[in-house]
file query_10.txt (compact mmCIF, C-alpha atoms and all ligand atoms)
# COMPACT_ATOMS: atom_id res chain seq x y z
CA MET A 1 0.00 0.00 0.00
CA ASP A 2 1.68 3.13 -1.19
CA PHE A 3 0.90 5.35 1.81
CA LEU A 4 2.18 2.91 4.47
CA HIS A 5 5.80 2.84 5.59
CA TYR A 6 7.97 2.34 8.67
CA GLN A 7 9.59 5.29 10.36
CA ASN A 8 11.77 5.00 13.45
CA GLY A 9 10.58 1.44 13.90
CA HIS A 10 6.86 2.17 13.71
CA LEU A 11 4.26 1.91 10.99
CA MET A 12 2.98 5.18 9.57
CA ALA A 13 0.16 6.08 7.21
CA GLU A 14 1.77 9.04 5.46
CA LYS A 15 2.84 11.18 8.46
CA ILE A 16 0.32 9.69 10.87
CA ALA A 17 1.41 7.00 13.33
CA ILE A 18 -0.83 3.94 13.26
CA SER A 19 -0.40 3.67 17.04
CA GLU A 20 -1.79 7.21 17.46
CA LEU A 21 -4.87 6.32 15.44
CA ALA A 22 -5.38 3.20 17.57
CA ILE A 23 -5.10 5.23 20.78
CA GLN A 24 -7.41 7.98 19.59
CA TYR A 25 -10.14 5.85 18.03
CA GLY A 26 -9.67 2.39 19.58
CA THR A 27 -9.45 -0.97 17.82
CA PRO A 28 -10.52 -2.73 15.67
CA LEU A 29 -10.46 0.29 13.38
CA TYR A 30 -10.91 0.82 9.66
CA ILE A 31 -8.77 3.55 8.08
CA TYR A 32 -9.15 4.86 4.51
CA SER A 33 -7.06 7.29 2.53
CA ALA A 34 -9.12 9.96 0.75
CA PRO A 35 -6.28 11.00 -1.60
CA TYR A 36 -5.80 7.37 -2.68
CA ILE A 37 -9.52 6.90 -3.40
CA THR A 38 -9.59 10.05 -5.49
CA LYS A 39 -6.42 9.06 -7.30
CA GLN A 40 -7.83 5.67 -8.30
CA PHE A 41 -11.12 7.15 -9.45
CA MET A 42 -9.31 9.81 -11.47
CA ALA A 43 -7.25 7.11 -13.20
CA TYR A 44 -10.51 5.85 -14.76
CA GLU A 45 -11.57 9.39 -15.60
CA GLN A 46 -8.27 10.28 -17.23
CA ALA A 47 -8.20 7.13 -19.35
CA LEU A 48 -11.69 7.92 -20.63
CA ILE A 49 -11.19 11.63 -21.16
CA HIS A 50 -11.63 11.46 -24.94
CA ARG A 51 -14.84 9.45 -24.80
CA LYS A 52 -18.34 10.09 -23.62
CA HIS A 53 -18.27 8.07 -20.41
CA LEU A 54 -19.52 7.54 -16.89
CA VAL A 55 -17.59 5.78 -14.14
CA CYS A 56 -20.17 4.30 -11.79
CA TYR A 57 -18.50 3.35 -8.52
CA ALA A 58 -19.86 0.00 -7.22
CA VAL A 59 -21.27 1.06 -3.87
CA LYS A 60 -21.16 -2.45 -2.38
CA ALA A 61 -17.37 -2.32 -2.14
CA ASN A 62 -17.47 0.41 0.51
CA SER A 63 -20.66 2.33 1.11
CA ASN A 64 -19.62 4.78 3.82
CA LEU A 65 -21.24 8.17 3.14
CA SER A 66 -17.88 9.92 3.25
CA VAL A 67 -16.44 7.59 0.61
CA LEU A 68 -19.51 8.21 -1.54
CA SER A 69 -19.48 11.97 -1.09
CA LEU A 70 -15.79 12.10 -1.93
CA LEU A 71 -16.61 10.34 -5.19
CA VAL A 72 -19.63 12.57 -5.83
CA LYS A 73 -17.25 15.54 -5.66
CA SER A 74 -15.00 13.90 -8.25
CA GLY A 75 -17.95 13.47 -10.62
CA ALA A 76 -18.64 9.77 -10.12
CA GLY A 77 -21.76 7.92 -11.05
CA PHE A 78 -22.84 4.95 -8.96
CA ASP A 79 -23.71 1.30 -9.50
CA ILE A 80 -26.23 0.25 -6.86
CA VAL A 81 -27.85 -3.09 -6.07
CA SER A 82 -30.52 -2.21 -3.51
CA GLN A 83 -32.71 0.62 -2.33
CA GLY A 84 -30.44 0.90 0.69
CA GLU A 85 -27.55 1.71 -1.63
CA LEU A 86 -29.78 4.10 -3.58
CA GLU A 87 -30.73 5.99 -0.40
CA ARG A 88 -27.05 6.10 0.57
CA VAL A 89 -25.92 7.67 -2.70
CA LEU A 90 -28.77 10.19 -2.58
CA LYS A 91 -27.82 11.06 0.99
CA ALA A 92 -24.23 11.55 -0.19
CA GLY A 93 -25.44 14.04 -2.81
CA ALA A 94 -25.34 11.91 -5.97
CA ASP A 95 -27.20 12.94 -9.10
CA PRO A 96 -29.84 10.22 -9.76
CA LYS A 97 -29.15 10.65 -13.48
CA LYS A 98 -25.74 9.10 -12.82
CA VAL A 99 -27.06 6.00 -11.07
CA VAL A 100 -27.35 2.54 -12.64
CA PHE A 101 -29.28 -0.13 -10.78
CA SER A 102 -27.92 -3.71 -10.98
CA GLY A 103 -28.97 -6.80 -9.02
CA VAL A 104 -31.00 -9.93 -9.72
CA ALA A 105 -33.87 -9.41 -7.28
CA LYS A 106 -35.11 -5.83 -7.58
CA SER A 107 -38.38 -5.60 -5.65
CA THR A 108 -41.46 -3.66 -6.69
CA SER A 109 -40.85 -0.95 -4.11
CA GLU A 110 -37.19 -0.63 -5.13
CA ILE A 111 -38.19 -0.21 -8.78
CA GLU A 112 -40.87 2.34 -7.84
CA ARG A 113 -38.43 4.42 -5.85
CA ALA A 114 -35.76 4.32 -8.56
CA LEU A 115 -38.30 5.28 -11.23
CA SER A 116 -39.75 8.09 -9.18
CA ILE A 117 -36.39 9.80 -8.70
CA GLY A 118 -35.31 9.12 -12.31
CA ILE A 119 -32.15 7.02 -12.33
CA LYS A 120 -30.01 6.67 -15.45
CA CYS A 121 -30.99 3.07 -16.07
CA PHE A 122 -31.90 -0.34 -14.75
CA ASN A 123 -29.40 -3.08 -15.52
CA VAL A 124 -32.04 -5.74 -16.09
CA GLU A 125 -31.02 -9.26 -15.11
CA SER A 126 -33.98 -11.36 -16.32
CA GLU A 127 -36.94 -11.29 -18.65
CA SER A 128 -39.37 -11.34 -15.75
CA GLU A 129 -37.69 -8.28 -14.25
CA LEU A 130 -38.20 -6.49 -17.56
CA TYR A 131 -41.95 -7.21 -17.45
CA ARG A 132 -42.14 -6.01 -13.86
CA ILE A 133 -40.33 -2.74 -14.65
CA ASP A 134 -42.57 -2.11 -17.67
CA GLU A 135 -45.71 -2.68 -15.59
CA ILE A 136 -44.58 -0.44 -12.73
CA ALA A 137 -43.50 2.29 -15.15
CA ARG A 138 -46.93 2.14 -16.78
CA LYS A 139 -48.65 2.52 -13.41
CA LEU A 140 -46.47 5.48 -12.51
CA GLY A 141 -46.79 7.04 -15.97
CA LYS A 142 -43.02 6.86 -16.51
CA ILE A 143 -40.67 5.54 -19.15
CA ALA A 144 -37.99 3.28 -17.69
CA SER A 145 -34.55 3.39 -19.30
CA ILE A 146 -33.04 -0.07 -19.36
CA SER A 147 -29.92 -1.94 -20.25
CA LEU A 148 -29.83 -5.72 -20.34
CA ARG A 149 -27.11 -7.31 -18.28
CA ILE A 150 -25.82 -10.03 -20.55
CA ASN A 151 -24.02 -13.03 -19.23
CA PRO A 152 -21.29 -13.40 -21.86
CA ASP A 153 -20.29 -16.91 -20.70
CA VAL A 154 -16.59 -16.21 -20.28
CA ASP A 155 -14.38 -17.61 -17.56
CA ALA A 156 -13.13 -14.75 -15.40
CA LYS A 157 -10.50 -17.08 -13.86
CA THR A 158 -11.16 -15.86 -10.35
CA HIS A 159 -12.49 -17.45 -7.15
CA PRO A 160 -15.76 -19.31 -7.93
CA TYR A 161 -17.70 -17.26 -5.35
CA ILE A 162 -16.87 -14.02 -7.15
CA SER A 163 -17.13 -15.25 -10.72
CA THR A 164 -20.35 -14.06 -12.31
CA GLY A 165 -20.04 -14.37 -16.08
CA LEU A 166 -20.43 -18.10 -16.59
CA ARG A 167 -23.69 -19.54 -17.87
CA GLU A 168 -24.21 -21.48 -14.62
CA ASN A 169 -24.11 -18.24 -12.58
CA LYS A 170 -27.39 -16.61 -11.54
CA PHE A 171 -26.42 -13.26 -13.01
CA GLY A 172 -27.59 -11.63 -16.19
CA ILE A 173 -29.49 -12.79 -19.24
CA SER A 174 -28.09 -15.70 -21.24
CA TYR A 175 -26.08 -14.68 -24.27
CA GLN A 176 -28.23 -16.92 -26.46
CA LEU A 177 -31.46 -15.26 -25.31
CA ALA A 178 -30.18 -11.69 -25.42
CA ILE A 179 -31.46 -10.64 -28.86
CA ASP A 180 -34.84 -12.16 -28.23
CA VAL A 181 -35.24 -10.30 -24.92
CA TYR A 182 -34.17 -7.02 -26.57
CA ARG A 183 -36.84 -7.56 -29.23
CA LYS A 184 -39.45 -8.05 -26.53
CA ALA A 185 -38.21 -4.96 -24.68
CA LYS A 186 -38.62 -2.95 -27.87
CA THR A 187 -42.32 -3.73 -27.96
CA MET A 188 -42.94 -2.56 -24.40
CA ALA A 189 -44.60 0.83 -24.24
CA ASN A 190 -42.98 2.03 -21.01
CA ILE A 191 -39.48 0.72 -21.66
CA LYS A 192 -36.72 2.63 -23.39
CA ILE A 193 -33.69 0.59 -24.40
CA VAL A 194 -30.56 2.62 -23.71
CA GLY A 195 -27.75 0.17 -23.09
CA ILE A 196 -26.13 -3.20 -22.77
CA ASP A 197 -23.95 -4.36 -19.94
CA CYS A 198 -21.94 -7.18 -18.45
CA HIS A 199 -19.97 -7.84 -15.31
CA ILE A 200 -18.03 -11.07 -15.34
CA GLY A 201 -16.56 -11.28 -11.88
CA SER A 202 -14.35 -9.63 -9.33
CA GLN A 203 -10.61 -9.60 -8.56
CA LEU A 204 -9.76 -10.33 -12.20
CA THR A 205 -6.03 -10.21 -12.68
CA GLU A 206 -5.88 -10.91 -16.41
CA LEU A 207 -6.92 -8.78 -19.33
CA ALA A 208 -8.09 -11.62 -21.59
CA PRO A 209 -11.52 -12.26 -19.98
CA PHE A 210 -12.35 -8.52 -20.19
CA LEU A 211 -11.35 -8.47 -23.87
CA ASP A 212 -13.40 -11.60 -24.63
CA ALA A 213 -16.46 -10.27 -22.84
CA THR A 214 -16.20 -6.93 -24.68
CA ASP A 215 -15.96 -8.69 -28.06
CA ARG A 216 -19.04 -10.71 -27.27
CA ILE A 217 -20.99 -7.65 -26.13
CA LEU A 218 -20.00 -5.67 -29.24
CA ALA A 219 -21.11 -8.57 -31.46
CA LEU A 220 -24.54 -8.17 -29.87
CA VAL A 221 -24.48 -4.40 -30.41
CA ASP A 222 -23.94 -5.09 -34.13
CA GLN A 223 -26.75 -7.64 -34.27
CA LEU A 224 -29.07 -5.25 -32.47
CA LYS A 225 -28.25 -2.50 -34.94
CA SER A 226 -29.38 -4.71 -37.80
CA ASP A 227 -32.60 -5.15 -35.83
CA ASN A 228 -32.95 -1.37 -35.61
CA ILE A 229 -32.21 -1.38 -31.90
CA ASP A 230 -29.73 1.37 -31.15
CA ILE A 231 -27.54 1.11 -28.09
CA GLU A 232 -26.54 4.41 -26.46
CA HIS A 233 -24.16 3.01 -23.88
CA VAL A 234 -22.03 -0.06 -23.27
CA ASP A 235 -21.36 -0.81 -19.60
CA LEU A 236 -18.39 -3.11 -19.11
CA GLY A 237 -18.93 -3.63 -15.39
CA GLY A 238 -16.27 -3.68 -12.71
CA GLY A 239 -14.01 -6.49 -11.67
CA LEU A 240 -10.47 -5.21 -12.05
CA GLY A 241 -8.32 -6.94 -9.45
CA VAL A 242 -5.83 -5.38 -7.07
CA CYS A 243 -2.56 -6.54 -5.58
CA TYR A 244 -3.10 -8.24 -2.21
CA ASP A 245 0.03 -10.38 -2.37
CA ASN A 246 1.97 -10.67 -5.60
CA GLU A 247 -0.83 -10.50 -8.16
CA GLN A 248 -0.09 -8.28 -11.13
CA PRO A 249 -3.44 -7.08 -12.42
CA PRO A 250 -3.48 -4.69 -15.37
CA ALA A 251 -3.24 -1.02 -14.41
CA ILE A 252 -6.51 0.91 -14.61
CA THR A 253 -5.15 2.91 -17.54
CA SER A 254 -4.16 -0.16 -19.56
CA LEU A 255 -7.46 -1.92 -18.95
CA VAL A 256 -9.51 1.12 -19.93
CA THR A 257 -7.32 1.97 -22.89
CA GLU A 258 -7.46 -1.57 -24.29
CA LEU A 259 -11.22 -1.81 -23.89
CA THR A 260 -11.87 1.67 -25.24
CA HIS A 261 -9.75 0.76 -28.24
CA LYS A 262 -12.19 -2.06 -28.99
CA LEU A 263 -14.94 0.55 -29.14
CA GLN A 264 -13.13 2.87 -31.53
CA ASN A 265 -15.59 2.08 -34.32
CA TYR A 266 -18.45 3.09 -32.07
CA PRO A 267 -17.52 6.72 -31.37
CA ASP A 268 -21.01 7.77 -30.31
CA ILE A 269 -21.49 5.06 -27.76
CA GLU A 270 -21.01 6.15 -24.16
CA ILE A 271 -18.75 3.82 -22.15
CA LEU A 272 -19.60 2.93 -18.56
CA PHE A 273 -17.56 1.10 -15.96
CA GLU A 274 -18.64 -0.11 -12.52
CA PRO A 275 -15.40 -0.41 -10.55
CA GLY A 276 -15.45 -1.05 -6.82
CA ARG A 277 -12.41 -2.86 -5.50
CA SER A 278 -9.84 -1.14 -7.72
CA ILE A 279 -10.90 2.23 -6.29
CA VAL A 280 -11.06 1.46 -2.58
CA ALA A 281 -9.30 -1.83 -1.69
CA ASN A 282 -5.81 -0.44 -1.33
CA ALA A 283 -7.10 2.75 0.21
CA GLY A 284 -8.04 0.90 3.38
CA LEU A 285 -6.62 -0.97 6.30
CA LEU A 286 -7.89 -2.61 9.44
CA ILE A 287 -5.97 -1.98 12.65
CA THR A 288 -6.32 -4.69 15.25
CA LYS A 289 -4.79 -5.33 18.66
CA VAL A 290 -3.24 -8.58 19.82
CA GLU A 291 -5.21 -9.64 22.89
CA TYR A 292 -3.18 -12.77 23.57
CA THR A 293 -0.60 -15.03 22.08
CA LYS A 294 -1.04 -18.76 22.57
CA HIS A 295 1.59 -21.39 21.92
CA GLN A 296 0.57 -25.02 22.17
CA ASP A 297 1.14 -28.32 20.38
CA ASN A 298 3.38 -26.60 17.84
CA ASN A 299 0.62 -24.15 16.99
CA HIS A 300 1.12 -20.45 17.49
CA PHE A 301 -1.86 -18.15 17.63
CA ALA A 302 -1.93 -14.38 17.60
CA ILE A 303 -5.43 -13.79 18.96
CA VAL A 304 -6.57 -10.35 17.85
CA ASP A 305 -9.61 -8.18 18.53
CA ALA A 306 -10.82 -8.16 14.88
CA GLY A 307 -12.52 -11.22 13.49
CA MET A 308 -14.51 -12.57 10.60
CA ASN A 309 -17.37 -10.35 11.80
CA ASP A 310 -15.24 -7.31 10.92
CA LEU A 311 -13.51 -8.70 7.82
CA ILE A 312 -14.96 -11.85 6.31
CA ARG A 313 -12.90 -12.11 3.13
CA PRO A 314 -10.25 -14.55 4.46
CA ALA A 315 -12.93 -16.84 5.93
CA LEU A 316 -15.34 -16.66 3.00
CA TYR A 317 -13.01 -16.72 0.00
CA GLN A 318 -9.78 -18.01 1.53
CA ALA A 319 -8.51 -14.55 0.61
CA TRP A 320 -4.87 -13.81 1.42
CA MET A 321 -4.46 -10.38 2.92
CA GLN A 322 -1.17 -8.89 4.03
CA VAL A 323 -0.68 -8.45 7.78
CA LEU A 324 1.94 -5.97 8.95
CA PRO A 325 3.12 -5.49 12.52
CA GLU A 326 2.94 -1.93 13.81
CA ARG A 327 6.40 -2.40 15.32
CA GLU A 328 8.95 -2.83 12.54
CA PRO A 329 10.53 -6.30 12.56
CA GLN A 330 14.13 -6.27 13.86
CA SER A 331 16.90 -8.69 12.95
CA SER A 332 17.15 -9.64 16.64
CA ASP A 333 13.49 -10.77 16.69
CA LYS A 334 12.70 -14.43 17.19
CA PRO A 335 9.49 -14.75 15.21
CA TYR A 336 6.96 -17.54 15.30
CA VAL A 337 4.79 -18.68 12.44
CA TYR A 338 1.38 -17.54 13.60
CA ASN A 339 -2.20 -18.03 12.66
CA VAL A 340 -3.79 -14.65 13.22
CA VAL A 341 -7.20 -15.47 14.63
CA GLY A 342 -10.15 -13.42 15.85
CA PRO A 343 -12.54 -13.61 18.80
CA ILE A 344 -15.40 -15.35 16.99
CA CYS A 345 -16.45 -18.84 18.02
CA GLU A 346 -15.79 -20.44 14.64
CA SER A 347 -12.68 -22.29 13.55
CA SER A 348 -12.85 -20.39 10.26
CA ASP A 349 -12.30 -17.12 12.12
CA VAL A 350 -8.75 -16.78 10.83
CA LEU A 351 -7.59 -13.48 9.32
CA ALA A 352 -4.26 -14.88 8.18
CA TYR A 353 -2.65 -18.30 8.17
CA GLN A 354 1.01 -19.07 8.78
CA ARG A 355 2.58 -15.64 9.01
CA GLU A 356 6.02 -15.12 10.40
CA LEU A 357 5.59 -12.45 13.06
CA SER A 358 7.21 -11.27 16.19
CA VAL A 359 4.35 -10.02 18.32
CA ASN A 360 3.40 -9.69 21.95
CA GLN A 361 0.21 -9.10 23.82
CA ASP A 362 -1.15 -5.56 23.21
CA ASP A 363 0.87 -5.05 20.01
CA LEU A 364 -0.95 -3.77 16.96
CA LEU A 365 -1.29 -5.52 13.61
CA VAL A 366 -2.53 -3.98 10.39
CA VAL A 367 -4.50 -5.93 7.79
CA CYS A 368 -3.78 -4.28 4.44
CA SER A 369 -5.98 -3.78 1.38
CA ALA A 370 -9.10 -3.86 3.53
CA GLY A 371 -10.89 -0.87 1.97
CA ALA A 372 -13.10 -2.99 -0.30
CA TYR A 373 -15.62 -5.55 0.96
CA GLY A 374 -14.32 -5.05 4.49
CA PHE A 375 -16.65 -2.90 6.54
CA SER A 376 -19.41 -3.28 3.94
CA MET A 377 -19.55 -7.03 4.68
CA ALA A 378 -19.09 -6.67 8.44
CA SER A 379 -21.69 -8.06 10.82
CA ASN A 380 -22.49 -8.11 14.52
CA TYR A 381 -21.98 -11.87 14.82
CA ASN A 382 -21.21 -12.86 18.42
CA SER A 383 -22.65 -9.43 19.33
CA HIS A 384 -19.57 -7.42 18.58
CA PRO A 385 -20.29 -3.76 17.79
CA ARG A 386 -18.94 -2.90 14.34
CA PRO A 387 -15.66 -0.93 14.26
CA ALA A 388 -15.23 2.80 13.79
CA GLU A 389 -14.12 4.11 10.40
CA VAL A 390 -11.67 6.97 9.95
CA MET A 391 -10.72 8.89 6.83
CA LEU A 392 -7.23 10.23 6.29
CA LEU A 393 -7.87 13.57 4.64
CA ASP A 394 -4.27 14.27 3.66
CA ASP A 395 -0.86 13.26 4.98
CA LYS A 396 -1.57 14.66 8.46
CA GLN A 397 -5.28 15.11 9.11
CA HIS A 398 -7.88 12.50 9.87
CA GLN A 399 -11.53 12.46 10.70
CA ILE A 400 -13.98 9.91 12.06
CA ILE A 401 -16.51 8.96 9.38
CA ARG A 402 -18.43 6.35 11.34
CA GLN A 403 -18.59 6.05 15.09
CA ARG A 404 -17.82 2.70 16.64
CA GLU A 405 -21.14 1.02 17.35
CA THR A 406 -22.34 1.01 20.94
CA PHE A 407 -24.02 -1.82 22.81
CA ASP A 408 -27.33 0.03 22.40
CA ASP A 409 -26.78 -0.16 18.63
CA LEU A 410 -26.63 -3.94 18.97
CA TRP A 411 -30.23 -4.28 20.09
CA ARG A 412 -31.79 -1.28 18.35
CA GLY A 413 -35.30 -2.28 17.31
CA GLU A 414 -35.41 -5.36 19.54
CA GLU A 415 -37.91 -5.92 22.35
CA VAL A 416 -37.57 -7.63 25.70
CA LEU A 417 -40.63 -9.87 26.12
N1 LIG B 501 -20.86 -4.41 -10.92
C1 LIG B 501 -21.57 -5.47 -10.49
C2 LIG B 501 -22.85 -5.77 -11.14
C3 LIG B 501 -21.08 -6.26 -9.43
O1 LIG B 501 -21.79 -7.32 -9.03
C4 LIG B 501 -19.85 -5.93 -8.82
C5 LIG B 501 -19.33 -6.74 -7.72
C6 LIG B 501 -19.16 -4.80 -9.28
C7 LIG B 501 -19.69 -4.07 -10.34
C8 LIG B 501 -17.87 -4.35 -8.68
O2 LIG B 501 -16.85 -5.28 -8.84
P1 LIG B 501 -15.35 -4.92 -8.38
O3 LIG B 501 -14.84 -3.83 -9.27
O4 LIG B 501 -15.39 -4.49 -6.97
O5 LIG B 501 -14.62 -6.21 -8.55
N2 LIG B 501 -17.14 -9.65 -1.75
C9 LIG B 501 -16.23 -10.12 -2.78
C10 LIG B 501 -16.47 -9.38 -4.09
C11 LIG B 501 -17.88 -9.49 -4.58
C12 LIG B 501 -18.12 -8.68 -5.83
C13 LIG B 501 -19.57 -8.59 -6.13
N3 LIG B 501 -19.90 -7.80 -7.28
C14 LIG B 501 -14.81 -9.99 -2.28
O6 LIG B 501 -14.59 -9.54 -1.16
O7 LIG B 501 -13.88 -10.41 -2.96
call {"tool": "encode", "arguments": {"input": "query_10.txt", "output": "structure tokens"}}
result
Amino acid sequence: MDFLHYQNGHLMAEKIAISELAIQYGTPLYIYSAPYITKQFMAYEQALIHRKHLVCYAVKANSNLSVLSLLVKSGAGFDIVSQGELERVLKAGADPKKVVFSGVAKSTSEIERALSIGIKCFNVESESELYRIDEIARKLGKIASISLRINPDVDAKTHPYISTGLRENKFGISYQLAIDVYRKAKTMANIKIVGIDCHIGSQLTELAPFLDATDRILALVDQLKSDNIDIEHVDLGGGLGVCYDNEQPPAITSLVTELTHKLQNYPDIEILFEPGRSIVANAGLLITKVEYTKHQDNNHFAIVDAGMNDLIRPALYQAWMQVLPEREPQSSDKPYVYNVVGPICESSDVLAYQRELSVNQDDLLVVCSAGAYGFSMASNYNSHPRPAEVMLLDDKQHQIIRQRETFDDLWRGEEVL
């Protein structure tokens, strides 16, 4: 992570000591860098500068209002998958005209709300959803702009849980059915066809699946044209991977440049992307405190105060995430190979397996690259209040952007019988 480094034996985020943040805000604690988030978003913007485009940040990756409002200020659009995400982006000041609505299970009330505020388009994931949107739009006297999310049936070569573009996945409309569904959409009085989209998976580290998916989508654009169905925008989804360990995903600029190049014969088509992880993952870290070390039967545990409730990626996807000690390792250290485990009563509550560390009780550890799908997937399992979130505004200043939950927050809305 490019804003983390050791200075005088201690880990710093720019000029801010990690230990100071832990003292001021407590642990476990999520930290994000605002300049890094803006930089990543602007990399998409810059690469698309010569095209009509909209970069729709995928809210699910990190939906804190401060993250969203930072992106609003940079001109972002948003990719949402629920009314909750819609209300969040509106609260953060987003222009509804820059919002695309993905997701396989849009409910009637979600569609009504999105139609009433006038979003840019629905990324429709099934034929039945299309009928529902048409019917609701008719009732409300509106015209719904739609794009069909096509499942291009390409292998994204990523973890099966985050691969979405294969025909066996629940996402999108089958490639074979696409033209037929577009033809039906064209006959619907309250539907306006504006786009086509795909999203083939997440944490993609190779260019080839993106190129294949784009070719397949553009082949459909051509077929649609011969059917007199004009496509105003092509949305190529999100999915660009980041470096957690030693992965070498394409840079944002190369990905966008290569894909834009494929659209050079379609100069009037607006290009959309829906990036999440590549904007926020390496902007964020999770600071956690070692509560105990335990050495038994040749097993060494660093038992920390953050668990799978705070950061589920290692448990759910066997994700490898870098763990750095706050105290810089010294040559005189006698490290152990630790499993870094959390407080949750599950054997899968392991943040990191087999890491050589020299740590003691009360030391701090930092889980890197935790800005995406970290807090947004956190839960209260085992009745742990969710952590605080802090934004680094520049190299010296920081600000709390979400208070640590209290015990009262844990039972808000519950009743004692
Ligand atoms: N668009 C759609 C329709 C999506 O479903 C997603 C992510 C994105 C865009 C953004 O993808 P990104 O650029 O972030 O890869 N929780 C998993 C990742 C799940 C991704 C779900 N969809 C993880 O922690 O690895």
call {"tool": "closest_residue", "arguments": {"input": "query_10.txt", "among": "A:Ile252, A:Val124, A:Ile401, A:Val89", "to": "Ile150 (chain A)", "atoms": "all atoms listed in the file"}}
result
A:Val124
call {"tool": "closest_residue", "arguments": {"input": "query_10.txt", "among": "A:Ala105, A:Met42, A:Ala137, A:Ala306", "to": "Leu54 (chain A)", "atoms": "only C-alpha atoms"}}
result
A:Met42
call {"tool": "residues_around", "arguments": {"input": "query_10.txt", "residues": "Asp222 (chain A)", "least_positions_apart": "6", "cutoff": "12 Å", "atoms": "all atoms listed in the file", "output": "list in words"}}
result
Ile179, Ile196, Asp215, Arg216, Asn228, Ile229, Asp230, Ile231, Leu263, Asn265 and Tyr266 of chain A
call {"tool": "residues_near_ligand", "arguments": {"input": "query_10.txt", "ligand": "ligand LIG 501 (chain B)", "cutoff": "6 Å", "atoms": "all atoms listed in the file", "output": "list in words"}}
result
Ala58, Ala61, Ser102, Ile162, His199, Ser202, Gln203, Gly237, Gly238, Gly239, Leu240, Glu274, Pro275, Gly276, Arg277, Ser278, Arg313 and Tyr373 of chain A
call {"tool": "closest_residue", "arguments": {"input": "query_10.txt", "among": "A:Lys192, A:Lys170, A:Lys294, A:Arg404", "to": "Val359 (chain A)", "atoms": "only C-alpha atoms"}}
result
A:Lys294
call {"tool": "residues_around", "arguments": {"input": "query_10.txt", "residues": "Leu311 (chain A)", "least_positions_apart": "4", "cutoff": "10 Å", "atoms": "all atoms listed in the file", "output": "PyMOL selection string"}}
result
chain A and resi 286+306-307+315-316+342+349-351+367+370+372-379
call {"tool": "atom_distance", "arguments": {"input": "query_10.txt", "atom1": "CA of Gln354 (chain A)", "atom2": "CA of Asn339 (chain A)"}}
result
5.1 Å
call {"tool": "atom_distance", "arguments": {"input": "query_10.txt", "atom1": "CA of Arg149 (chain A)", "atom2": "CA of Ser109 (chain A)"}}
result
20.7 Å
call {"tool": "closest_residue", "arguments": {"input": "query_10.txt", "among": "A:Thr214, A:Thr187, A:Thr288, A:Gln330", "to": "Asn151 (chain A)", "atoms": "only C-alpha atoms"}}
result
A:Thr214
call {"tool": "closest_residue", "arguments": {"input": "query_10.txt", "among": "A:Val55, A:Val234, A:Val416, A:Leu130", "to": "Lys186 (chain A)", "atoms": "only C-alpha atoms"}}
result
A:Leu130
call {"tool": "atom_distance", "arguments": {"input": "query_10.txt", "atom1": "CA of Leu410 (chain A)", "atom2": "CA of Tyr25 (chain A)"}}
result
19.2 Å
call {"tool": "residues_around", "arguments": {"input": "query_10.txt", "residues": "Ile80 (chain A)", "least_positions_apart": "5", "cutoff": "6 Å", "atoms": "all atoms listed in the file", "output": "VMD selection string"}}
result
chain A and resid 59 85 101 to 102
call {"tool": "residues_near_point", "arguments": {"input": "query_10.txt", "point": "(-2.3, -8.9, -12.1)", "cutoff": "12 Å", "atoms": "only C-alpha atoms", "output": "VMD selection string"}}
result
chain A and resid 157 to 158 203 to 208 239 to 252 254 to 255 278
call {"tool": "decode", "arguments": {"input": "query_10.txt", "residues": "region 405-411 of chain A", "atoms": "N, CA, C and O atoms", "output": "PDB file, in the first residue's frame"}}
result
ATOM      1  N   GLU A 405     -19.802   1.305  16.849  1.00  0.00           N
ATOM      2  CA  GLU A 405     -21.140   1.018  17.350  1.00  0.00           C
ATOM      3  C   GLU A 405     -21.104   0.838  18.868  1.00  0.00           C
ATOM      4  O   GLU A 405     -20.097   0.391  19.432  1.00  0.00           O
ATOM      5  N   THR A 406     -22.235   1.167  19.486  1.00  0.00           N
ATOM      6  CA  THR A 406     -22.343   1.006  20.939  1.00  0.00           C
ATOM      7  C   THR A 406     -23.137  -0.269  21.216  1.00  0.00           C
ATOM      8  O   THR A 406     -23.705  -0.868  20.302  1.00  0.00           O
ATOM      9  N   PHE A 407     -23.206  -0.639  22.490  1.00  0.00           N
ATOM     10  CA  PHE A 407     -24.017  -1.820  22.813  1.00  0.00           C
ATOM     11  C   PHE A 407     -25.488  -1.543  22.505  1.00  0.00           C
ATOM     12  O   PHE A 407     -26.197  -2.428  22.044  1.00  0.00           O
ATOM     13  N   ASP A 408     -25.933  -0.304  22.746  1.00  0.00           N
ATOM     14  CA  ASP A 408     -27.328   0.033  22.401  1.00  0.00           C
ATOM     15  C   ASP A 408     -27.606  -0.206  20.908  1.00  0.00           C
ATOM     16  O   ASP A 408     -28.695  -0.618  20.537  1.00  0.00           O
ATOM     17  N   ASP A 409     -26.597   0.078  20.070  1.00  0.00           N
ATOM     18  CA  ASP A 409     -26.778  -0.162  18.629  1.00  0.00           C
ATOM     19  C   ASP A 409     -27.060  -1.642  18.363  1.00  0.00           C
ATOM     20  O   ASP A 409     -27.766  -1.989  17.424  1.00  0.00           O
ATOM     21  N   LEU A 410     -26.485  -2.503  19.203  1.00  0.00           N
ATOM     22  CA  LEU A 410     -26.630  -3.944  18.971  1.00  0.00           C
ATOM     23  C   LEU A 410     -28.073  -4.391  19.035  1.00  0.00           C
ATOM     24  O   LEU A 410     -28.474  -5.296  18.332  1.00  0.00           O
ATOM     25  N   TRP A 411     -28.856  -3.802  19.953  1.00  0.00           N
ATOM     26  CA  TRP A 411     -30.234  -4.283  20.087  1.00  0.00           C
ATOM     27  C   TRP A 411     -31.263  -3.239  19.651  1.00  0.00           C
ATOM     28  O   TRP A 411     -32.430  -3.341  20.002  1.00  0.00           O
TER      29      TRP A 411
END
